[in-house]
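Next up, coords15.pdb (PDB, N, CA and C atoms):
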```pdb
MODEL        1
ATOM      1  N   MET T 367     -31.909 -16.018  42.032
ATOM      2  CA  MET T 367     -31.968 -15.086  40.927
ATOM      3  C   MET T 367     -30.852 -14.053  41.032
ATOM      4  N   LYS T 368     -30.686 -13.487  42.264
ATOM      5  CA  LYS T 368     -29.626 -12.500  42.454
ATOM      6  C   LYS T 368     -28.251 -13.134  42.249
ATOM      7  N   LEU T 369     -28.111 -14.360  42.625
ATOM      8  CA  LEU T 369     -26.847 -15.065  42.465
ATOM      9  C   LEU T 369     -26.506 -15.238  40.985
ATOM     10  N   LYS T 370     -27.529 -15.515  40.153
ATOM     11  CA  LYS T 370     -27.314 -15.650  38.703
ATOM     12  C   LYS T 370     -26.860 -14.322  38.105
ATOM     13  N   ILE T 371     -27.469 -13.236  38.538
ATOM     14  CA  ILE T 371     -27.111 -11.906  38.023
ATOM     15  C   ILE T 371     -25.679 -11.568  38.437
ATOM     16  N   LEU T 372     -25.341 -11.813  39.686
ATOM     17  CA  LEU T 372     -23.987 -11.541  40.162
ATOM     18  C   LEU T 372     -22.959 -12.396  39.413
ATOM     19  N   ALA T 373     -23.316 -13.641  39.174
ATOM     20  CA  ALA T 373     -22.416 -14.524  38.427
ATOM     21  C   ALA T 373     -22.227 -14.016  36.997
ATOM     22  N   SER T 374     -23.291 -13.559  36.376
ATOM     23  CA  SER T 374     -23.210 -13.025  35.007
ATOM     24  C   SER T 374     -22.360 -11.769  34.969
ATOM     25  N   VAL T 375     -22.547 -10.883  35.952
ATOM     26  CA  VAL T 375     -21.747  -9.655  36.006
ATOM     27  C   VAL T 375     -20.281  -9.993  36.227
ATOM     28  N   ALA T 376     -20.013 -10.933  37.092
ATOM     29  CA  ALA T 376     -18.632 -11.347  37.359
ATOM     30  C   ALA T 376     -17.981 -11.923  36.111
ATOM     31  N   ILE T 377     -18.705 -12.708  35.364
ATOM     32  CA  ILE T 377     -18.171 -13.279  34.115
ATOM     33  C   ILE T 377     -17.916 -12.177  33.096
ATOM     34  N   ALA T 378     -18.840 -11.239  33.005
ATOM     35  CA  ALA T 378     -18.682 -10.128  32.054
ATOM     36  C   ALA T 378     -17.434  -9.311  32.382
ATOM     37  N   PHE T 379     -17.225  -8.995  33.651
ATOM     38  CA  PHE T 379     -16.039  -8.243  34.050
ATOM     39  C   PHE T 379     -14.760  -9.039  33.803
ATOM     40  N   SER T 380     -14.811 -10.337  34.006
ATOM     41  CA  SER T 380     -13.641 -11.180  33.762
ATOM     42  C   SER T 380     -13.268 -11.178  32.286
ATOM     43  N   VAL T 381     -14.274 -11.290  31.425
ATOM     44  CA  VAL T 381     -14.033 -11.266  29.975
ATOM     45  C   VAL T 381     -13.461  -9.917  29.572
ATOM     46  N   LEU T 382     -14.015  -8.843  30.108
ATOM     47  CA  LEU T 382     -13.536  -7.496  29.806
ATOM     48  C   LEU T 382     -12.092  -7.328  30.268
ATOM     49  N   ALA T 383     -11.797  -7.767  31.461
ATOM     50  CA  ALA T 383     -10.446  -7.637  32.000
ATOM     51  C   ALA T 383      -9.428  -8.422  31.178
ATOM     52  N   VAL T 384      -9.820  -9.563  30.676
ATOM     53  CA  VAL T 384      -8.918 -10.379  29.865
ATOM     54  C   VAL T 384      -8.721  -9.761  28.482
ATOM     55  N   SER T 385      -9.743  -9.130  27.929
ATOM     56  CA  SER T 385      -9.652  -8.591  26.570
ATOM     57  C   SER T 385      -8.967  -7.237  26.518
ATOM     58  N   LEU T 386      -8.905  -6.487  27.586
ATOM     59  CA  LEU T 386      -8.267  -5.172  27.561
ATOM     60  C   LEU T 386      -6.791  -5.226  27.198
ATOM     61  N   PRO T 387      -6.000  -6.080  27.808
ATOM     62  CA  PRO T 387      -4.594  -6.136  27.400
ATOM     63  C   PRO T 387      -4.429  -6.527  25.933
ATOM     64  N   THR T 388      -5.304  -7.370  25.429
ATOM     65  CA  THR T 388      -5.219  -7.779  24.030
ATOM     66  C   THR T 388      -5.429  -6.584  23.099
ATOM     67  N   ALA T 389      -6.393  -5.739  23.395
ATOM     68  CA  ALA T 389      -6.637  -4.551  22.578
ATOM     69  C   ALA T 389      -5.451  -3.604  22.642
ATOM     70  N   ALA T 390      -4.883  -3.427  23.817
ATOM     71  CA  ALA T 390      -3.720  -2.562  23.962
ATOM     72  C   ALA T 390      -2.523  -3.127  23.208
ATOM     73  N   ASP T 391      -2.340  -4.433  23.267
ATOM     74  CA  ASP T 391      -1.246  -5.068  22.548
ATOM     75  C   ASP T 391      -1.406  -4.888  21.043
ATOM     76  N   ALA T 392      -2.625  -5.011  20.554
ATOM     77  CA  ALA T 392      -2.882  -4.846  19.121
ATOM     78  C   ALA T 392      -2.578  -3.418  18.680
ATOM     79  N   ALA T 393      -2.966  -2.436  19.488
ATOM     80  CA  ALA T 393      -2.688  -1.041  19.148
ATOM     81  C   ALA T 393      -1.191  -0.784  19.154
ATOM     82  N   SER T 394      -0.502  -1.354  20.121
ATOM     83  CA  SER T 394       0.944  -1.193  20.207
ATOM     84  C   SER T 394       1.639  -1.855  19.016
ATOM     85  N   GLN T 395       1.175  -3.044  18.645
ATOM     86  CA  GLN T 395       1.764  -3.734  17.499
ATOM     87  C   GLN T 395       1.538  -2.932  16.222
ATOM     88  N   SER T 396       0.346  -2.390  16.056
ATOM     89  CA  SER T 396       0.044  -1.590  14.870
ATOM     90  C   SER T 396       0.965  -0.380  14.798
ATOM     91  N   TYR T 397       1.144   0.298  15.936
ATOM     92  CA  TYR T 397       2.023   1.472  15.980
ATOM     93  C   TYR T 397       3.457   1.087  15.623
ATOM     94  N   ASN T 398       3.947   0.015  16.228
ATOM     95  CA  ASN T 398       5.315  -0.429  15.961
ATOM     96  C   ASN T 398       5.489  -0.874  14.514
ATOM     97  N   CYS T 399       4.480  -1.537  13.963
ATOM     98  CA  CYS T 399       4.563  -1.988  12.571
ATOM     99  C   CYS T 399       4.542  -0.803  11.603
ATOM    100  N   LYS T 400       3.755   0.219  11.927
ATOM    101  CA  LYS T 400       3.740   1.421  11.082
ATOM    102  C   LYS T 400       5.112   2.085  11.069
ATOM    103  N   LYS T 401       5.715   2.177  12.245
ATOM    104  CA  LYS T 401       7.030   2.793  12.364
ATOM    105  C   LYS T 401       8.074   1.988  11.592
ATOM    106  N   GLU T 402       8.036   0.683  11.758
ATOM    107  CA  GLU T 402       8.981  -0.189  11.056
ATOM    108  C   GLU T 402       8.785  -0.098   9.542
ATOM    109  N   ALA T 403       7.531  -0.112   9.098
ATOM    110  CA  ALA T 403       7.230  -0.051   7.662
ATOM    111  C   ALA T 403       7.678   1.278   7.062
ATOM    112  N   ARG T 404       7.480   2.372   7.812
ATOM    113  CA  ARG T 404       7.894   3.699   7.336
ATOM    114  C   ARG T 404       9.409   3.745   7.151
ATOM    115  N   ARG T 405      10.143   3.248   8.143
ATOM    116  CA  ARG T 405      11.607   3.238   8.047
ATOM    117  C   ARG T 405      12.087   2.389   6.877
ATOM    118  N   TYR T 406      11.464   1.233   6.706
ATOM    119  CA  TYR T 406      11.849   0.322   5.630
ATOM    120  C   TYR T 406      11.609   0.962   4.262
ATOM    121  N   ALA T 407      10.419   1.534   4.076
ATOM    122  CA  ALA T 407      10.078   2.154   2.794
ATOM    123  C   ALA T 407      10.970   3.357   2.504
ATOM    124  N   ASP T 408      11.242   4.167   3.533
ATOM    125  CA  ASP T 408      12.123   5.327   3.339
ATOM    126  C   ASP T 408      13.501   4.892   2.858
ATOM    127  N   GLY T 409      14.014   3.835   3.443
ATOM    128  CA  GLY T 409      15.328   3.340   3.053
ATOM    129  C   GLY T 409      15.358   2.766   1.651
ATOM    130  N   LYS T 410      14.263   2.156   1.245
ATOM    131  CA  LYS T 410      14.219   1.520  -0.078
ATOM    132  C   LYS T 410      14.158   2.526  -1.221
ATOM    133  N   VAL T 411      13.497   3.659  -1.027
ATOM    134  CA  VAL T 411      13.298   4.593  -2.141
ATOM    135  C   VAL T 411      14.172   5.835  -2.040
ATOM    136  N   ALA T 412      15.052   5.884  -1.047
ATOM    137  CA  ALA T 412      15.933   7.050  -0.902
ATOM    138  C   ALA T 412      16.752   7.237  -2.181
ATOM    139  N   GLY T 413      16.768   8.431  -2.673
ATOM    140  CA  GLY T 413      17.581   8.745  -3.843
ATOM    141  C   GLY T 413      16.882   8.606  -5.174
ATOM    142  N   ASN T 414      15.590   8.299  -5.206
ATOM    143  CA  ASN T 414      14.906   8.170  -6.495
ATOM    144  C   ASN T 414      14.880   9.483  -7.263
ATOM    145  N   ALA T 415      14.646  10.597  -6.586
ATOM    146  CA  ALA T 415      14.615  11.894  -7.272
ATOM    147  C   ALA T 415      16.001  12.252  -7.791
ATOM    148  N   VAL T 416      17.036  11.984  -6.988
ATOM    149  CA  VAL T 416      18.405  12.275  -7.406
ATOM    150  C   VAL T 416      18.794  11.397  -8.588
ATOM    151  N   GLY T 417      18.466  10.115  -8.498
ATOM    152  CA  GLY T 417      18.768   9.206  -9.609
ATOM    153  C   GLY T 417      18.030   9.599 -10.878
ATOM    154  N   GLY T 418      16.758   9.987 -10.726
ATOM    155  CA  GLY T 418      15.981  10.432 -11.884
ATOM    156  C   GLY T 418      16.552  11.691 -12.495
ATOM    157  N   ALA T 419      16.991  12.629 -11.654
ATOM    158  CA  ALA T 419      17.575  13.875 -12.156
ATOM    159  C   ALA T 419      18.885  13.596 -12.879
ATOM    160  N   LEU T 420      19.688  12.681 -12.351
ATOM    161  CA  LEU T 420      20.968  12.338 -12.974
ATOM    162  C   LEU T 420      20.756  11.712 -14.348
ATOM    163  N   VAL T 421      19.893  10.714 -14.405
ATOM    164  CA  VAL T 421      19.610  10.050 -15.681
ATOM    165  C   VAL T 421      18.963  11.031 -16.653
ATOM    166  N   GLY T 422      17.986  11.813 -16.156
ATOM    167  CA  GLY T 422      17.321  12.797 -17.017
ATOM    168  C   GLY T 422      18.284  13.851 -17.531
ATOM    169  N   GLY T 423      19.200  14.283 -16.670
ATOM    170  CA  GLY T 423      20.192  15.275 -17.089
ATOM    171  C   GLY T 423      21.102  14.748 -18.186
ATOM    172  N   LEU T 424      21.543  13.503 -18.027
ATOM    173  CA  LEU T 424      22.402  12.910 -19.055
ATOM    174  C   LEU T 424      21.663  12.739 -20.383
ATOM    175  N   LEU T 425      20.431  12.225 -20.295
ATOM    176  CA  LEU T 425      19.649  12.063 -21.526
ATOM    177  C   LEU T 425      19.314  13.407 -22.143
ATOM    178  N   GLY T 426      18.969  14.383 -21.299
ATOM    179  CA  GLY T 426      18.656  15.724 -21.805
ATOM    180  C   GLY T 426      19.855  16.375 -22.486
ATOM    181  N   ALA T 427      21.035  16.186 -21.904
ATOM    182  CA  ALA T 427      22.249  16.736 -22.516
ATOM    183  C   ALA T 427      22.498  16.089 -23.873
ATOM    184  N   GLY T 428      22.288  14.769 -23.932
ATOM    185  CA  GLY T 428      22.481  14.072 -25.204
ATOM    186  C   GLY T 428      21.503  14.541 -26.267
ATOM    187  N   VAL T 429      20.222  14.659 -25.890
ATOM    188  CA  VAL T 429      19.209  15.117 -26.852
ATOM    189  C   VAL T 429      19.478  16.559 -27.244
ATOM    190  N   GLY T 430      19.846  17.387 -26.261
ATOM    191  CA  GLY T 430      20.146  18.797 -26.563
ATOM    192  C   GLY T 430      21.303  18.931 -27.526
ATOM    193  N   ALA T 431      22.318  18.101 -27.367
ATOM    194  CA  ALA T 431      23.480  18.151 -28.249
ATOM    195  C   ALA T 431      23.127  17.701 -29.657
ATOM    196  N   VAL T 432      22.308  16.662 -29.746
ATOM    197  CA  VAL T 432      21.937  16.134 -31.063
ATOM    198  C   VAL T 432      21.030  17.122 -31.798
ATOM    199  N   VAL T 433      20.038  17.659 -31.107
ATOM    200  CA  VAL T 433      19.051  18.516 -31.747
ATOM    201  C   VAL T 433      19.573  19.929 -31.975
ATOM    202  N   GLY T 434      20.197  20.512 -30.974
ATOM    203  CA  GLY T 434      20.565  21.925 -31.079
ATOM    204  C   GLY T 434      22.038  22.202 -31.181
ATOM    205  N   GLY T 435      22.840  21.188 -31.314
ATOM    206  CA  GLY T 435      24.280  21.407 -31.366
ATOM    207  C   GLY T 435      24.840  21.586 -29.965
ATOM    208  N   HIS T 436      26.132  21.906 -29.919
ATOM    209  CA  HIS T 436      26.792  21.982 -28.619
ATOM    210  C   HIS T 436      26.303  23.149 -27.763
ATOM    211  N   HIS T 437      25.598  24.125 -28.343
ATOM    212  CA  HIS T 437      25.070  25.260 -27.572
ATOM    213  C   HIS T 437      23.855  24.870 -26.730
ATOM    214  N   SER T 438      23.205  23.787 -27.072
ATOM    215  CA  SER T 438      21.985  23.377 -26.365
ATOM    216  C   SER T 438      22.209  22.276 -25.331
ATOM    217  N   VAL T 439      23.439  21.896 -25.106
ATOM    218  CA  VAL T 439      23.721  20.809 -24.169
ATOM    219  C   VAL T 439      23.265  21.183 -22.755
ATOM    220  N   GLY T 440      23.622  22.382 -22.302
ATOM    221  CA  GLY T 440      23.265  22.822 -20.942
ATOM    222  C   GLY T 440      21.766  22.932 -20.755
ATOM    223  N   THR T 441      21.087  23.514 -21.749
ATOM    224  CA  THR T 441      19.634  23.651 -21.662
ATOM    225  C   THR T 441      18.977  22.279 -21.641
ATOM    226  N   GLY T 442      19.424  21.395 -22.509
ATOM    227  CA  GLY T 442      18.870  20.043 -22.551
ATOM    228  C   GLY T 442      19.111  19.306 -21.248
ATOM    229  N   ALA T 443      20.291  19.493 -20.654
ATOM    230  CA  ALA T 443      20.603  18.833 -19.392
ATOM    231  C   ALA T 443      19.707  19.360 -18.273
ATOM    232  N   ALA T 444      19.485  20.673 -18.241
ATOM    233  CA  ALA T 444      18.642  21.265 -17.198
ATOM    234  C   ALA T 444      17.206  20.773 -17.316
ATOM    235  N   ILE T 445      16.682  20.790 -18.526
ATOM    236  CA  ILE T 445      15.307  20.321 -18.736
ATOM    237  C   ILE T 445      15.210  18.829 -18.412
ATOM    238  N   GLY T 446      16.176  18.046 -18.877
ATOM    239  CA  GLY T 446      16.180  16.611 -18.603
ATOM    240  C   GLY T 446      16.281  16.315 -17.110
ATOM    241  N   ALA T 447      17.090  17.097 -16.392
ATOM    242  CA  ALA T 447      17.221  16.893 -14.946
ATOM    243  C   ALA T 447      15.905  17.198 -14.241
ATOM    244  N   GLY T 448      15.237  18.268 -14.668
ATOM    245  CA  GLY T 448      13.945  18.621 -14.063
ATOM    246  C   GLY T 448      12.907  17.538 -14.294
ATOM    247  N   VAL T 449      12.801  17.101 -15.526
ATOM    248  CA  VAL T 449      11.826  16.056 -15.855
ATOM    249  C   VAL T 449      12.196  14.743 -15.147
ATOM    250  N   GLY T 450      13.479  14.444 -15.110
ATOM    251  CA  GLY T 450      13.925  13.222 -14.436
ATOM    252  C   GLY T 450      13.647  13.255 -12.943
ATOM    253  N   ALA T 451      13.826  14.412 -12.311
ATOM    254  CA  ALA T 451      13.556  14.529 -10.875
ATOM    255  C   ALA T 451      12.073  14.342 -10.589
ATOM    256  N   VAL T 452      11.225  14.955 -11.402
ATOM    257  CA  VAL T 452       9.779  14.794 -11.210
ATOM    258  C   VAL T 452       9.391  13.328 -11.409
ATOM    259  N   GLY T 453       9.925  12.712 -12.445
ATOM    260  CA  GLY T 453       9.646  11.294 -12.685
ATOM    261  C   GLY T 453      10.174  10.412 -11.565
ATOM    262  N   GLY T 454      11.356  10.749 -11.041
ATOM    263  CA  GLY T 454      11.929   9.976  -9.945
ATOM    264  C   GLY T 454      11.090  10.061  -8.682
ATOM    265  N   VAL T 455      10.563  11.259  -8.387
ATOM    266  CA  VAL T 455       9.712  11.430  -7.215
ATOM    267  C   VAL T 455       8.403  10.663  -7.397
ATOM    268  N   ALA T 456       7.811  10.758  -8.581
ATOM    269  CA  ALA T 456       6.548  10.057  -8.840
ATOM    270  C   ALA T 456       6.746   8.549  -8.732
ATOM    271  N   ARG T 457       7.794   8.051  -9.308
ATOM    272  CA  ARG T 457       8.083   6.618  -9.257
ATOM    273  C   ARG T 457       8.415   6.192  -7.821
ATOM    274  N   GLY T 458       9.151   7.050  -7.126
ATOM    275  CA  GLY T 458       9.520   6.760  -5.747
ATOM    276  C   GLY T 458       8.312   6.673  -4.838
ATOM    277  N   SER T 459       7.324   7.532  -5.066
ATOM    278  CA  SER T 459       6.113   7.522  -4.254
ATOM    279  C   SER T 459       5.354   6.211  -4.443
ATOM    280  N   GLU T 460       5.274   5.776  -5.665
ATOM    281  CA  GLU T 460       4.602   4.490  -5.964
ATOM    282  C   GLU T 460       5.340   3.330  -5.303
ATOM    283  N   ARG T 461       6.653   3.327  -5.404
ATOM    284  CA  ARG T 461       7.463   2.264  -4.810
ATOM    285  C   ARG T 461       7.397   2.325  -3.285
ATOM    286  N   TRP T 462       7.372   3.561  -2.720
ATOM    287  CA  TRP T 462       7.306   3.720  -1.274
ATOM    288  C   TRP T 462       6.047   3.058  -0.734
ATOM    289  N   ASN T 463       4.915   3.307  -1.383
ATOM    290  CA  ASN T 463       3.651   2.686  -0.950
ATOM    291  C   ASN T 463       3.734   1.165  -1.022
ATOM    292  N   TYR T 464       4.342   0.657  -2.071
ATOM    293  CA  TYR T 464       4.486  -0.793  -2.225
ATOM    294  C   TYR T 464       5.299  -1.375  -1.071
ATOM    295  N   TYR T 465       6.467  -0.793  -0.812
ATOM    296  CA  TYR T 465       7.335  -1.306   0.256
ATOM    297  C   TYR T 465       6.693  -1.139   1.635
ATOM    298  N   TYR T 466       6.034  -0.013   1.875
ATOM    299  CA  TYR T 466       5.372   0.226   3.159
ATOM    300  C   TYR T 466       4.292  -0.824   3.412
ATOM    301  N   ASN T 467       3.407  -1.004   2.426
ATOM    302  CA  ASN T 467       2.309  -1.962   2.594
ATOM    303  C   ASN T 467       2.809  -3.389   2.786
ATOM    304  N   LYS T 468       3.832  -3.748   2.042
ATOM    305  CA  LYS T 468       4.390  -5.094   2.150
ATOM    306  C   LYS T 468       4.974  -5.330   3.548
ATOM    307  N   ARG T 469       5.779  -4.387   4.039
ATOM    308  CA  ARG T 469       6.406  -4.562   5.347
ATOM    309  C   ARG T 469       5.372  -4.501   6.471
ATOM    310  N   TYR T 470       4.374  -3.610   6.347
ATOM    311  CA  TYR T 470       3.349  -3.490   7.383
ATOM    312  C   TYR T 470       2.548  -4.793   7.477
ATOM    313  N   TYR T 471       2.154  -5.331   6.333
ATOM    314  CA  TYR T 471       1.383  -6.576   6.312
ATOM    315  C   TYR T 471       2.176  -7.706   6.958
ATOM    316  N   ASN T 472       3.445  -7.842   6.561
ATOM    317  CA  ASN T 472       4.268  -8.916   7.120
ATOM    318  C   ASN T 472       4.467  -8.755   8.617
ATOM    319  N   CYS T 473       4.603  -7.524   9.070
ATOM    320  CA  CYS T 473       4.804  -7.275  10.498
ATOM    321  C   CYS T 473       3.541  -7.608  11.296
ATOM    322  N   MET T 474       2.405  -7.235  10.796
ATOM    323  CA  MET T 474       1.150  -7.470  11.523
ATOM    324  C   MET T 474       0.758  -8.947  11.538
ATOM    325  N   HIS T 475       1.253  -9.725  10.587
ATOM    326  CA  HIS T 475       0.841 -11.124  10.486
ATOM    327  C   HIS T 475       1.956 -12.107  10.853
ATOM    328  N   LYS T 476       2.891 -11.661  11.679
ATOM    329  CA  LYS T 476       3.930 -12.625  12.095
ATOM    330  C   LYS T 476       3.636 -13.153  13.461
TER     331      LYS T 476
ENDMDL
END
```

For the file at hand, write its structure as structure tokens.
Amino acid sequence: MKLKILASVAIAFSVLAVSLPTAADAASQSYNCKKEARRYADGKVAGNAVGGALVGGLLGAGVGAVVGGHHSVGTGAAIGAGVGAVGGVARGSERWNYYYNKRYYNCMHK
């Protein structure tokens, strides 16, 4: 009876010892994949706010010129740049999540 208990305890410790490195490896892989995904997503969406402000500024200047004459070009450009920057950041955030999730999933399942 004591031999059966000792054998069971020995098997339990063996299983535990074998599974510990696996858990550590999984945590390490998750950490590395998060880091890789963050870098990838940051690189993909860099400049969205600047691009949005540029496009918004140009469109705003055009609308300002058409609606208010040449005196409203600067005001239209400023408003358009502001709206474009906000839109660029909002769009960039959505795209960042997409790229992050895609890269993280691919990294964890390779």

On this file, the PyMOL selection byres ((chain T and resi 413-421) around 6.5) gives some set of residues; write that set as a PyMOL selection string.
chain T and resi 411-412+422-426+446-455+458

Could the residues in this selection be written to a file with N, CA and C atoms, as a compact mmCIF listing (two decimals), in the coordinates of the input?
```txt
# COMPACT_ATOMS: atom_id res chain seq x y z
N VAL T 411 13.50 3.66 -1.03
CA VAL T 411 13.30 4.59 -2.14
C VAL T 411 14.17 5.84 -2.04
N ALA T 412 15.05 5.88 -1.05
CA ALA T 412 15.93 7.05 -0.90
C ALA T 412 16.75 7.24 -2.18
N GLY T 422 17.99 11.81 -16.16
CA GLY T 422 17.32 12.80 -17.02
C GLY T 422 18.28 13.85 -17.53
N GLY T 423 19.20 14.28 -16.67
CA GLY T 423 20.19 15.28 -17.09
C GLY T 423 21.10 14.75 -18.19
N LEU T 424 21.54 13.50 -18.03
CA LEU T 424 22.40 12.91 -19.06
C LEU T 424 21.66 12.74 -20.38
N LEU T 425 20.43 12.22 -20.30
CA LEU T 425 19.65 12.06 -21.53
C LEU T 425 19.31 13.41 -22.14
N GLY T 426 18.97 14.38 -21.30
CA GLY T 426 18.66 15.72 -21.80
C GLY T 426 19.86 16.38 -22.49
N GLY T 446 16.18 18.05 -18.88
CA GLY T 446 16.18 16.61 -18.60
C GLY T 446 16.28 16.32 -17.11
N ALA T 447 17.09 17.10 -16.39
CA ALA T 447 17.22 16.89 -14.95
C ALA T 447 15.90 17.20 -14.24
N GLY T 448 15.24 18.27 -14.67
CA GLY T 448 13.94 18.62 -14.06
C GLY T 448 12.91 17.54 -14.29
N VAL T 449 12.80 17.10 -15.53
CA VAL T 449 11.83 16.06 -15.86
C VAL T 449 12.20 14.74 -15.15
N GLY T 450 13.48 14.44 -15.11
CA GLY T 450 13.92 13.22 -14.44
C GLY T 450 13.65 13.26 -12.94
N ALA T 451 13.83 14.41 -12.31
CA ALA T 451 13.56 14.53 -10.88
C ALA T 451 12.07 14.34 -10.59
N VAL T 452 11.22 14.96 -11.40
CA VAL T 452 9.78 14.79 -11.21
C VAL T 452 9.39 13.33 -11.41
N GLY T 453 9.93 12.71 -12.44
CA GLY T 453 9.65 11.29 -12.68
C GLY T 453 10.17 10.41 -11.56
N GLY T 454 11.36 10.75 -11.04
CA GLY T 454 11.93 9.98 -9.94
C GLY T 454 11.09 10.06 -8.68
N VAL T 455 10.56 11.26 -8.39
CA VAL T 455 9.71 11.43 -7.22
C VAL T 455 8.40 10.66 -7.40
N GLY T 458 9.15 7.05 -7.13
CA GLY T 458 9.52 6.76 -5.75
C GLY T 458 8.31 6.67 -4.84
```

Could you please determine the separation between atom C of T:Arg404 and atom C of T:Tyr470 in Å, to one decimal place?
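Straight-line distance from atom C of T:Arg404 to atom C of T:Tyr470 works out to 11.0 Å.
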
Counting all atoms listed in the file, the residue among T:Ile445, T:Cys473, T:Lys410, T:Tyr397 that lies closest to T:Ala427 is T:Ile445

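Interatomic distance, atom C of T:Asp408 to atom N of T:His475: 20.6 Å.
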
Pull out every residue that the PyMOL selection byres ((chain T and resi 469) around 8) matches in the shown coordinates and put them as a PyMOL selection string.
chain T and resi 399-400+402-404+406-407+463-468+470-475

What is the atom C of T:Val432 to atom CA of T:Arg457 distance in Å?
28.0 Å

Can you put N, CA, C and O atoms back into stretch 415-430 of chain T and show it as a PDB file, in the frame of the given file?
```pdb
ATOM      1  N   ALA T 415      14.646  10.597  -6.586  1.00  0.00           N
ATOM      2  CA  ALA T 415      14.615  11.894  -7.272  1.00  0.00           C
ATOM      3  C   ALA T 415      16.001  12.252  -7.791  1.00  0.00           C
ATOM      4  O   ALA T 415      16.154  12.729  -8.919  1.00  0.00           O
ATOM      5  N   VAL T 416      17.036  11.984  -6.988  1.00  0.00           N
ATOM      6  CA  VAL T 416      18.405  12.275  -7.406  1.00  0.00           C
ATOM      7  C   VAL T 416      18.794  11.397  -8.588  1.00  0.00           C
ATOM      8  O   VAL T 416      19.369  11.866  -9.571  1.00  0.00           O
ATOM      9  N   GLY T 417      18.466  10.115  -8.498  1.00  0.00           N
ATOM     10  CA  GLY T 417      18.768   9.206  -9.609  1.00  0.00           C
ATOM     11  C   GLY T 417      18.030   9.599 -10.878  1.00  0.00           C
ATOM     12  O   GLY T 417      18.596   9.583 -11.974  1.00  0.00           O
ATOM     13  N   GLY T 418      16.758   9.987 -10.726  1.00  0.00           N
ATOM     14  CA  GLY T 418      15.981  10.432 -11.884  1.00  0.00           C
ATOM     15  C   GLY T 418      16.552  11.691 -12.495  1.00  0.00           C
ATOM     16  O   GLY T 418      16.610  11.842 -13.724  1.00  0.00           O
ATOM     17  N   ALA T 419      16.991  12.629 -11.654  1.00  0.00           N
ATOM     18  CA  ALA T 419      17.575  13.875 -12.156  1.00  0.00           C
ATOM     19  C   ALA T 419      18.885  13.596 -12.879  1.00  0.00           C
ATOM     20  O   ALA T 419      19.167  14.191 -13.930  1.00  0.00           O
ATOM     21  N   LEU T 420      19.688  12.681 -12.351  1.00  0.00           N
ATOM     22  CA  LEU T 420      20.968  12.338 -12.974  1.00  0.00           C
ATOM     23  C   LEU T 420      20.756  11.712 -14.348  1.00  0.00           C
ATOM     24  O   LEU T 420      21.344  12.145 -15.343  1.00  0.00           O
ATOM     25  N   VAL T 421      19.893  10.714 -14.405  1.00  0.00           N
ATOM     26  CA  VAL T 421      19.610  10.050 -15.681  1.00  0.00           C
ATOM     27  C   VAL T 421      18.963  11.031 -16.653  1.00  0.00           C
ATOM     28  O   VAL T 421      19.337  11.105 -17.836  1.00  0.00           O
ATOM     29  N   GLY T 422      17.986  11.813 -16.156  1.00  0.00           N
ATOM     30  CA  GLY T 422      17.321  12.797 -17.017  1.00  0.00           C
ATOM     31  C   GLY T 422      18.284  13.851 -17.531  1.00  0.00           C
ATOM     32  O   GLY T 422      18.191  14.283 -18.681  1.00  0.00           O
ATOM     33  N   GLY T 423      19.200  14.283 -16.670  1.00  0.00           N
ATOM     34  CA  GLY T 423      20.192  15.275 -17.089  1.00  0.00           C
ATOM     35  C   GLY T 423      21.102  14.748 -18.186  1.00  0.00           C
ATOM     36  O   GLY T 423      21.394  15.446 -19.165  1.00  0.00           O
ATOM     37  N   LEU T 424      21.543  13.503 -18.027  1.00  0.00           N
ATOM     38  CA  LEU T 424      22.402  12.910 -19.055  1.00  0.00           C
ATOM     39  C   LEU T 424      21.663  12.739 -20.383  1.00  0.00           C
ATOM     40  O   LEU T 424      22.190  13.063 -21.450  1.00  0.00           O
ATOM     41  N   LEU T 425      20.431  12.225 -20.295  1.00  0.00           N
ATOM     42  CA  LEU T 425      19.649  12.063 -21.526  1.00  0.00           C
ATOM     43  C   LEU T 425      19.314  13.407 -22.143  1.00  0.00           C
ATOM     44  O   LEU T 425      19.365  13.569 -23.373  1.00  0.00           O
ATOM     45  N   GLY T 426      18.969  14.383 -21.299  1.00  0.00           N
ATOM     46  CA  GLY T 426      18.656  15.724 -21.805  1.00  0.00           C
ATOM     47  C   GLY T 426      19.855  16.375 -22.486  1.00  0.00           C
ATOM     48  O   GLY T 426      19.714  17.040 -23.515  1.00  0.00           O
ATOM     49  N   ALA T 427      21.035  16.186 -21.904  1.00  0.00           N
ATOM     50  CA  ALA T 427      22.249  16.736 -22.516  1.00  0.00           C
ATOM     51  C   ALA T 427      22.498  16.089 -23.873  1.00  0.00           C
ATOM     52  O   ALA T 427      22.857  16.762 -24.848  1.00  0.00           O
ATOM     53  N   GLY T 428      22.288  14.769 -23.932  1.00  0.00           N
ATOM     54  CA  GLY T 428      22.481  14.072 -25.204  1.00  0.00           C
ATOM     55  C   GLY T 428      21.503  14.541 -26.267  1.00  0.00           C
ATOM     56  O   GLY T 428      21.888  14.832 -27.406  1.00  0.00           O
ATOM     57  N   VAL T 429      20.222  14.659 -25.890  1.00  0.00           N
ATOM     58  CA  VAL T 429      19.209  15.117 -26.852  1.00  0.00           C
ATOM     59  C   VAL T 429      19.478  16.559 -27.244  1.00  0.00           C
ATOM     60  O   VAL T 429      19.386  16.934 -28.423  1.00  0.00           O
ATOM     61  N   GLY T 430      19.846  17.387 -26.261  1.00  0.00           N
ATOM     62  CA  GLY T 430      20.146  18.797 -26.563  1.00  0.00           C
ATOM     63  C   GLY T 430      21.303  18.931 -27.526  1.00  0.00           C
ATOM     64  O   GLY T 430      21.284  19.777 -28.424  1.00  0.00           O
TER      65      GLY T 430
END
```
